[in-house]
Amino acid sequence: MMTDAYAIGIDLGGTQVRAGLVDWSGKLIARESMLTDRMGGPQAVVEQIGLLVDKIIVTKPECMIAGIGVSAPGPLDAVTGHILEIATLKGWENTPIVEMLEARLGQNVAIENDGLAAALGEWRYGAGKGLTHFVYVTVSTGIGGGVVADGRLLRGRRGMACHVGHMSIDPNGPRCGCGNPGCWEAIASGTALARRAQVAMMGDPASTLHSGPQPIDAGAIFAAARHGDGTALKLVNEEARWLGIGLVNLLHRYSPEKIVLGGGLSQGLDLMRAGIEAEIAAHAMVPFRTVSVVSAGLGGDSGIIGAASLFQFSDRI
Ligand SMILES: [Zn+2]
């Protein structure tokens, strides 16, 4: 029965592999994690996922597992179950990850691009619940996302839609990990913000950013801004502007009811909201200007819960 369906979600990231047991209502009832074996290649990571799943199953032997959904960085082919490449990890080209995991785990496995998995989680259980059209954007080390339009998740050919971080924003901008100049990710990700902060700090020896962690990260910039540090506030305003420029593109393209912001940088949405809204007010066409930007409802768990939900709905939409 549907209400008995527990599923496990895996969030494979460049830093951590996380696993969670999710109940039929989308609640995470057990979790395990470890640092990603970045050098070991797919076989080592498959074994890591295997260990995490074993641990969860041992603690909850009474739960019937419907399947294991994996959220992973792309591009990946969700139809054939192959990871095509992972920019942050070596040796993953054309990896038949679903086949490898099914052999290790003896369970049904499905894979989804991390932006789409998180969008699915937010749509089914988070800030996008009940909406027919919404855009999810995650801003952390990179920028990813997913779009629900007309009541369904846009997957595109091979499940590769919505690599929104690679929208071209400035052809003269910094080079992106994908090789192109001026992608949104290269300008507005947490990595790009941190890089701008390093430069800005050189021009402001009095900034409290110097007393924070080195290398500086987005969290430290938000903390300094909350304490009124002028350089940090300037960086935050600039970040809000770049995020706003990308979001205006997405508003025009998809006409969502809401934009849901996830990832580490959504922790600073309160600081950036005015700047983002100013950008939308200045550049979105009038009928698009009333769309609100809200934080992810599931925090850092959107991907795990969304991946698990691949097995909790009878239709793989
Ligand atoms: Zn790019």
# chains A, B, ... in the order shown; residues from 1 in each chain; ligands from 1
>>> residues_around(residues="Val17 in chain A", least_positions_apart="2", cutoff="8 Å", atoms="only C-alpha atoms", output="ChimeraX atom specification")
/A:10-15,19,33-36,48-49
>>> write_last_selection(atoms="N, CA and C atoms", output="tab-separated table (two decimals), in the first residue's frame")
chain	number	residue	atom	x	y	z
A	10	ILE	N	19.27	9.45	-1.57
A	10	ILE	CA	20.72	9.65	-1.47
A	10	ILE	C	21.04	10.99	-2.10
A	11	ASP	N	21.84	11.79	-1.42
A	11	ASP	CA	22.32	13.04	-2.01
A	11	ASP	C	23.83	12.90	-2.20
A	12	LEU	N	24.20	12.65	-3.45
A	12	LEU	CA	25.63	12.51	-3.76
A	12	LEU	C	26.17	13.89	-4.12
A	13	GLY	N	27.04	14.40	-3.27
A	13	GLY	CA	27.62	15.71	-3.52
A	13	GLY	C	29.13	15.64	-3.60
A	14	GLY	N	29.73	16.72	-4.02
A	14	GLY	CA	31.19	16.77	-4.15
A	14	GLY	C	31.90	16.73	-2.80
A	15	THR	N	31.20	17.09	-1.73
A	15	THR	CA	31.80	17.10	-0.40
A	15	THR	C	31.29	15.92	0.44
A	19	ALA	N	22.50	10.04	3.13
A	19	ALA	CA	21.39	9.13	2.88
A	19	ALA	C	20.32	9.39	3.93
A	33	SER	N	25.59	9.99	6.96
A	33	SER	CA	26.40	10.69	5.95
A	33	SER	C	27.88	10.39	6.13
A	34	MET	N	28.64	10.62	5.10
A	34	MET	CA	30.10	10.57	5.20
A	34	MET	C	30.71	11.46	4.12
A	35	LEU	N	31.99	11.77	4.29
A	35	LEU	CA	32.65	12.60	3.29
A	35	LEU	C	32.82	11.79	2.00
A	36	THR	N	32.54	12.42	0.88
A	36	THR	CA	32.66	11.74	-0.41
A	36	THR	C	34.11	11.34	-0.67
A	48	GLN	N	30.40	3.37	-0.59
A	48	GLN	CA	30.00	4.30	0.48
A	48	GLN	C	28.47	4.37	0.60
A	49	ILE	N	27.81	4.48	-0.54
A	49	ILE	CA	26.34	4.53	-0.52
A	49	ILE	C	25.80	3.22	0.06
>>> residues_near_ligand(ligand="ligand 1", cutoff="12 Å", atoms="only C-alpha atoms and all ligand atoms", output="VMD selection string")
chain A and resid 75 87 142 to 144 163 to 171 173 to 189
>>> closest_residue(among="A:Met201, A:Val70, A:Leu101, A:Ala161", to="Gly145 in chain A", atoms="only C-alpha atoms")
A:Ala161
>>> closest_residue(among="A:Ala278, A:Leu269, A:Ala7, A:Ala284", to="Arg226 in chain A", atoms="only C-alpha atoms")
A:Leu269
>>> closest_residue(among="A:Tyr254, A:Ala110, A:Ala72, A:Val294", to="Leu153 in chain A", atoms="only C-alpha atoms")
A:Tyr254
>>> closest_residue(among="A:Leu233, A:Ile56, A:Cys162, A:Met64", to="Ala5 in chain A", atoms="only C-alpha atoms")
A:Met64
>>> select_by_dssp(residues="range 23-182 of chain A", states="strand (DSSP E or B)", output="MDAnalysis selection string")
chainID A and resid 28:35 65:72 76:77 82:83 95 109:113 134:139 143:149 152:153 168 175 181
>>> select_by_dssp(residues="range 44-116 of chain A", states="helix (DSSP H, G or I)", output="list in words")
Ala44, Val45, Val46, Glu47, Gln48, Ile49, Gly50, Leu51, Leu52, Val53, Asp54, Lys55, Ile56, Ile57, Val58, Thr59, Ile97, Val98, Glu99, Met100, Leu101, Glu102, Ala103, Arg104, Leu105, Asp114, Gly115 and Leu116 of chain A
>>> closest_residue(among="A:Glu279, A:Glu239, A:Asp114, A:Asp23", to="Ile86 in chain A", atoms="only C-alpha atoms")
A:Asp114
>>> atom_distance(atom1="CA of Gly297 in chain A", atom2="CA of Gln267 in chain A")
12.0 Å
>>> residues_around(residues="Lys60 in chain A", least_positions_apart="2", cutoff="12 Å", atoms="only C-alpha atoms", output="list in words")
Tyr6, Ala7, Ile8, Gly20, Leu21, Val22, Asp23, Ile29, Ala30, Arg31, Val53, Asp54, Lys55, Ile56, Ile57, Val58, Glu62, Cys63, Met64 and Ile65 of chain A
>>> write_last_selection(atoms="N, CA and C atoms", output="mmCIF file, in the first residue's frame")
data_model
loop_
_atom_site.group_PDB
_atom_site.id
_atom_site.type_symbol
_atom_site.label_atom_id
_atom_site.label_comp_id
_atom_site.auth_asym_id
_atom_site.auth_seq_id
_atom_site.Cartn_x
_atom_site.Cartn_y
_atom_site.Cartn_z
ATOM 1 N N TYR A 6 8.084 3.389 2.433
ATOM 2 C CA TYR A 6 9.265 4.152 2.814
ATOM 3 C C TYR A 6 10.211 4.103 1.624
ATOM 4 N N ALA A 7 11.028 5.113 1.513
ATOM 5 C CA ALA A 7 12.044 5.079 0.462
ATOM 6 C C ALA A 7 13.296 5.737 1.001
ATOM 7 N N ILE A 8 14.405 5.396 0.391
ATOM 8 C CA ILE A 8 15.667 6.007 0.805
ATOM 9 C C ILE A 8 16.093 6.999 -0.269
ATOM 10 N N GLY A 20 19.064 9.261 3.529
ATOM 11 C CA GLY A 20 17.979 9.460 4.476
ATOM 12 C C GLY A 20 16.829 8.521 4.200
ATOM 13 N N LEU A 21 16.206 8.057 5.277
ATOM 14 C CA LEU A 21 15.000 7.236 5.151
ATOM 15 C C LEU A 21 13.801 8.179 5.251
ATOM 16 N N VAL A 22 12.944 8.118 4.258
ATOM 17 C CA VAL A 22 11.838 9.077 4.174
ATOM 18 C C VAL A 22 10.520 8.312 4.237
ATOM 19 N N ASP A 23 9.609 8.797 5.080
ATOM 20 C CA ASP A 23 8.316 8.098 5.179
ATOM 21 C C ASP A 23 7.338 8.622 4.127
ATOM 22 N N ILE A 29 13.169 10.280 8.556
ATOM 23 C CA ILE A 29 13.120 9.687 9.889
ATOM 24 C C ILE A 29 14.441 9.045 10.317
ATOM 25 N N ALA A 30 15.398 8.963 9.417
ATOM 26 C CA ALA A 30 16.744 8.496 9.803
ATOM 27 C C ALA A 30 17.716 9.031 8.773
ATOM 28 N N ARG A 31 18.920 9.341 9.217
ATOM 29 C CA ARG A 31 19.900 9.854 8.247
ATOM 30 C C ARG A 31 21.306 9.414 8.599
ATOM 31 N N VAL A 53 23.335 2.951 3.321
ATOM 32 C CA VAL A 53 22.019 2.295 3.216
ATOM 33 C C VAL A 53 21.944 1.123 4.193
ATOM 34 N N ASP A 54 23.016 0.332 4.282
ATOM 35 C CA ASP A 54 23.041 -0.793 5.242
ATOM 36 C C ASP A 54 22.777 -0.292 6.660
ATOM 37 N N LYS A 55 23.438 0.795 7.022
ATOM 38 C CA LYS A 55 23.286 1.353 8.377
ATOM 39 C C LYS A 55 21.844 1.749 8.645
ATOM 40 N N ILE A 56 21.222 2.403 7.675
ATOM 41 C CA ILE A 56 19.834 2.850 7.859
ATOM 42 C C ILE A 56 18.901 1.649 7.984
ATOM 43 N N ILE A 57 19.115 0.644 7.144
ATOM 44 C CA ILE A 57 18.226 -0.520 7.162
ATOM 45 C C ILE A 57 18.366 -1.290 8.481
ATOM 46 N N VAL A 58 19.578 -1.340 9.011
ATOM 47 C CA VAL A 58 19.800 -2.033 10.289
ATOM 48 C C VAL A 58 19.034 -1.348 11.416
ATOM 49 N N GLU A 62 12.045 -2.728 10.357
ATOM 50 C CA GLU A 62 10.606 -2.920 10.141
ATOM 51 C C GLU A 62 10.090 -2.155 8.915
ATOM 52 N N CYS A 63 10.909 -1.256 8.368
ATOM 53 C CA CYS A 63 10.436 -0.428 7.256
ATOM 54 C C CYS A 63 10.616 -1.138 5.921
ATOM 55 N N MET A 64 9.526 -1.225 5.178
ATOM 56 C CA MET A 64 9.585 -1.774 3.813
ATOM 57 C C MET A 64 10.116 -0.693 2.875
ATOM 58 N N ILE A 65 11.215 -0.975 2.207
ATOM 59 C CA ILE A 65 11.813 0.040 1.333
ATOM 60 C C ILE A 65 11.305 -0.159 -0.103
#
>>> closest_residue(among="A:Ile216, A:Arg18, A:Ser207, A:Met285", to="Ala194 in chain A", atoms="only C-alpha atoms")
A:Ile216
>>> atom_distance(atom1="CA of Glu99 in chain A", atom2="CA of Gly81 in chain A")
7.4 Å
>>> residues_around(residues="Thr231 in chain A", least_positions_apart="2", cutoff="10 Å", atoms="only C-alpha atoms", output="VMD selection string")
chain A and resid 197 200 to 201 203 to 204 206 to 209 221 224 to 225 228 to 229 233 to 237
>>> write_last_selection(atoms="all heavy atoms", output="compact mmCIF listing (two decimals), in the first residue's frame")
# COMPACT_ATOMS: atom_id res chain seq x y z
N ALA A 197 34.87 38.55 -2.68
CA ALA A 197 35.17 39.00 -1.32
C ALA A 197 36.67 39.11 -1.09
O ALA A 197 37.14 40.05 -0.46
CB ALA A 197 34.54 38.03 -0.31
N ALA A 200 37.74 42.32 -2.62
CA ALA A 200 37.21 43.48 -1.89
C ALA A 200 37.95 43.69 -0.56
O ALA A 200 38.19 44.83 -0.15
CB ALA A 200 35.72 43.29 -1.62
N MET A 201 38.33 42.59 0.08
CA MET A 201 39.02 42.69 1.38
C MET A 201 40.39 43.37 1.24
O MET A 201 40.83 44.07 2.14
CB MET A 201 39.20 41.30 1.98
CG MET A 201 37.92 40.74 2.59
SD MET A 201 38.01 38.96 2.80
CE MET A 201 39.24 38.80 4.07
N GLY A 203 41.08 45.77 -0.53
CA GLY A 203 40.88 47.22 -0.57
C GLY A 203 40.31 47.78 0.73
O GLY A 203 40.05 48.98 0.82
N ASP A 204 40.05 46.92 1.71
CA ASP A 204 39.46 47.39 2.97
C ASP A 204 40.08 46.64 4.15
O ASP A 204 39.50 45.71 4.70
CB ASP A 204 37.93 47.14 2.93
CG ASP A 204 37.25 47.62 4.21
OD1 ASP A 204 37.91 48.28 5.05
OD2 ASP A 204 36.05 47.33 4.37
N ALA A 206 40.26 47.37 7.12
CA ALA A 206 39.52 47.50 8.38
C ALA A 206 38.29 46.57 8.43
O ALA A 206 37.65 46.44 9.47
CB ALA A 206 39.06 48.95 8.55
N SER A 207 37.96 45.91 7.32
CA SER A 207 36.76 45.08 7.29
C SER A 207 36.83 43.93 8.29
O SER A 207 37.88 43.31 8.46
CB SER A 207 36.57 44.50 5.88
OG SER A 207 35.54 43.52 5.89
N THR A 208 35.70 43.65 8.96
CA THR A 208 35.66 42.55 9.92
C THR A 208 35.77 41.20 9.22
O THR A 208 35.97 40.17 9.87
CB THR A 208 34.34 42.57 10.73
OG1 THR A 208 33.24 42.56 9.81
CG2 THR A 208 34.26 43.80 11.61
N LEU A 209 35.68 41.20 7.89
CA LEU A 209 35.84 39.94 7.14
C LEU A 209 37.23 39.34 7.39
O LEU A 209 37.40 38.12 7.33
CB LEU A 209 35.65 40.18 5.64
CG LEU A 209 34.22 40.37 5.15
CD1 LEU A 209 34.20 40.81 3.71
CD2 LEU A 209 33.42 39.08 5.33
N ILE A 221 30.43 36.12 5.05
CA ILE A 221 30.07 37.40 4.43
C ILE A 221 28.70 37.86 4.95
O ILE A 221 28.52 39.02 5.33
CB ILE A 221 30.07 37.29 2.89
CG1 ILE A 221 31.50 36.98 2.41
CG2 ILE A 221 29.54 38.56 2.24
CD1 ILE A 221 31.58 36.46 0.98
N ALA A 224 29.12 39.05 8.60
CA ALA A 224 29.73 40.38 8.68
C ALA A 224 28.73 41.45 8.24
O ALA A 224 28.66 42.53 8.84
CB ALA A 224 30.98 40.43 7.81
N ALA A 225 27.93 41.14 7.22
CA ALA A 225 26.93 42.11 6.76
C ALA A 225 25.89 42.38 7.85
O ALA A 225 25.46 43.51 8.04
CB ALA A 225 26.25 41.59 5.49
N GLY A 228 26.88 44.95 10.08
CA GLY A 228 27.02 46.29 9.51
C GLY A 228 28.33 46.54 8.80
O GLY A 228 28.64 47.70 8.49
N ASP A 229 29.12 45.51 8.53
CA ASP A 229 30.39 45.71 7.83
C ASP A 229 30.11 46.24 6.41
O ASP A 229 29.39 45.61 5.63
CB ASP A 229 31.14 44.37 7.76
CG ASP A 229 32.51 44.53 7.12
OD1 ASP A 229 32.61 44.46 5.87
OD2 ASP A 229 33.48 44.75 7.88
N LEU A 233 28.39 44.34 3.23
CA LEU A 233 27.09 44.79 2.73
C LEU A 233 27.12 45.07 1.24
O LEU A 233 26.20 44.73 0.49
CB LEU A 233 26.64 46.05 3.49
CG LEU A 233 26.07 45.77 4.89
CD1 LEU A 233 25.99 47.06 5.71
CD2 LEU A 233 24.69 45.12 4.81
N LYS A 234 28.24 45.65 0.81
CA LYS A 234 28.39 45.93 -0.62
C LYS A 234 28.41 44.62 -1.43
O LYS A 234 27.79 44.49 -2.48
CB LYS A 234 29.69 46.71 -0.86
CG LYS A 234 29.50 47.94 -1.74
CD LYS A 234 30.81 48.61 -2.05
CE LYS A 234 31.16 49.66 -1.01
NZ LYS A 234 32.49 50.25 -1.20
N LEU A 235 29.14 43.63 -0.90
CA LEU A 235 29.22 42.32 -1.57
C LEU A 235 27.84 41.67 -1.64
O LEU A 235 27.46 41.08 -2.66
CB LEU A 235 30.18 41.40 -0.81
CG LEU A 235 31.67 41.72 -0.95
CD1 LEU A 235 32.47 41.04 0.15
CD2 LEU A 235 32.17 41.27 -2.33
N VAL A 236 27.10 41.78 -0.54
CA VAL A 236 25.76 41.17 -0.48
C VAL A 236 24.83 41.85 -1.50
O VAL A 236 24.07 41.18 -2.21
CB VAL A 236 25.19 41.26 0.95
CG1 VAL A 236 23.71 40.93 0.97
CG2 VAL A 236 25.95 40.32 1.88
N ASN A 237 24.93 43.16 -1.58
CA ASN A 237 24.07 43.89 -2.54
C ASN A 237 24.41 43.53 -3.98
O ASN A 237 23.53 43.38 -4.83
CB ASN A 237 24.21 45.40 -2.33
CG ASN A 237 23.55 45.84 -1.03
OD1 ASN A 237 22.69 45.14 -0.50
ND2 ASN A 237 23.97 46.98 -0.50
>>> residues_around(residues="Gly74 in chain A", least_positions_apart="6", cutoff="8 Å", atoms="only C-alpha atoms", output="PDB file with N, CA, C and O atoms, in the first residue's frame")
ATOM      1  N   ILE A  83      25.567   8.386 -15.177  1.00  0.00           N
ATOM      2  CA  ILE A  83      26.152   9.706 -14.938  1.00  0.00           C
ATOM      3  C   ILE A  83      27.091   9.975 -16.106  1.00  0.00           C
ATOM      4  O   ILE A  83      27.958   9.154 -16.437  1.00  0.00           O
ATOM      5  N   LEU A  84      26.906  11.112 -16.782  1.00  0.00           N
ATOM      6  CA  LEU A  84      27.695  11.404 -17.987  1.00  0.00           C
ATOM      7  C   LEU A  84      29.032  12.043 -17.628  1.00  0.00           C
ATOM      8  O   LEU A  84      30.049  11.788 -18.258  1.00  0.00           O
ATOM      9  N   GLU A  85      29.023  12.894 -16.618  1.00  0.00           N
ATOM     10  CA  GLU A  85      30.256  13.435 -16.052  1.00  0.00           C
ATOM     11  C   GLU A  85      29.912  14.176 -14.771  1.00  0.00           C
ATOM     12  O   GLU A  85      28.772  14.577 -14.563  1.00  0.00           O
ATOM     13  N   ILE A  86      30.907  14.328 -13.878  1.00  0.00           N
ATOM     14  CA  ILE A  86      30.740  15.179 -12.700  1.00  0.00           C
ATOM     15  C   ILE A  86      31.969  16.077 -12.642  1.00  0.00           C
ATOM     16  O   ILE A  86      33.094  15.591 -12.490  1.00  0.00           O
ATOM     17  N   ASN A 113      18.962  14.300 -11.640  1.00  0.00           N
ATOM     18  CA  ASN A 113      19.855  15.442 -11.487  1.00  0.00           C
ATOM     19  C   ASN A 113      19.542  16.168 -10.168  1.00  0.00           C
ATOM     20  O   ASN A 113      18.379  16.294  -9.795  1.00  0.00           O
ATOM     21  N   ASP A 114      20.575  16.655  -9.487  1.00  0.00           N
ATOM     22  CA  ASP A 114      20.338  17.214  -8.144  1.00  0.00           C
ATOM     23  C   ASP A 114      19.390  18.415  -8.121  1.00  0.00           C
ATOM     24  O   ASP A 114      18.595  18.547  -7.183  1.00  0.00           O
ATOM     25  N   MET A 160      17.888  16.122 -18.681  1.00  0.00           N
ATOM     26  CA  MET A 160      18.972  17.083 -18.490  1.00  0.00           C
ATOM     27  C   MET A 160      18.499  18.540 -18.493  1.00  0.00           C
ATOM     28  O   MET A 160      19.318  19.444 -18.604  1.00  0.00           O
TER      29      MET A 160
END
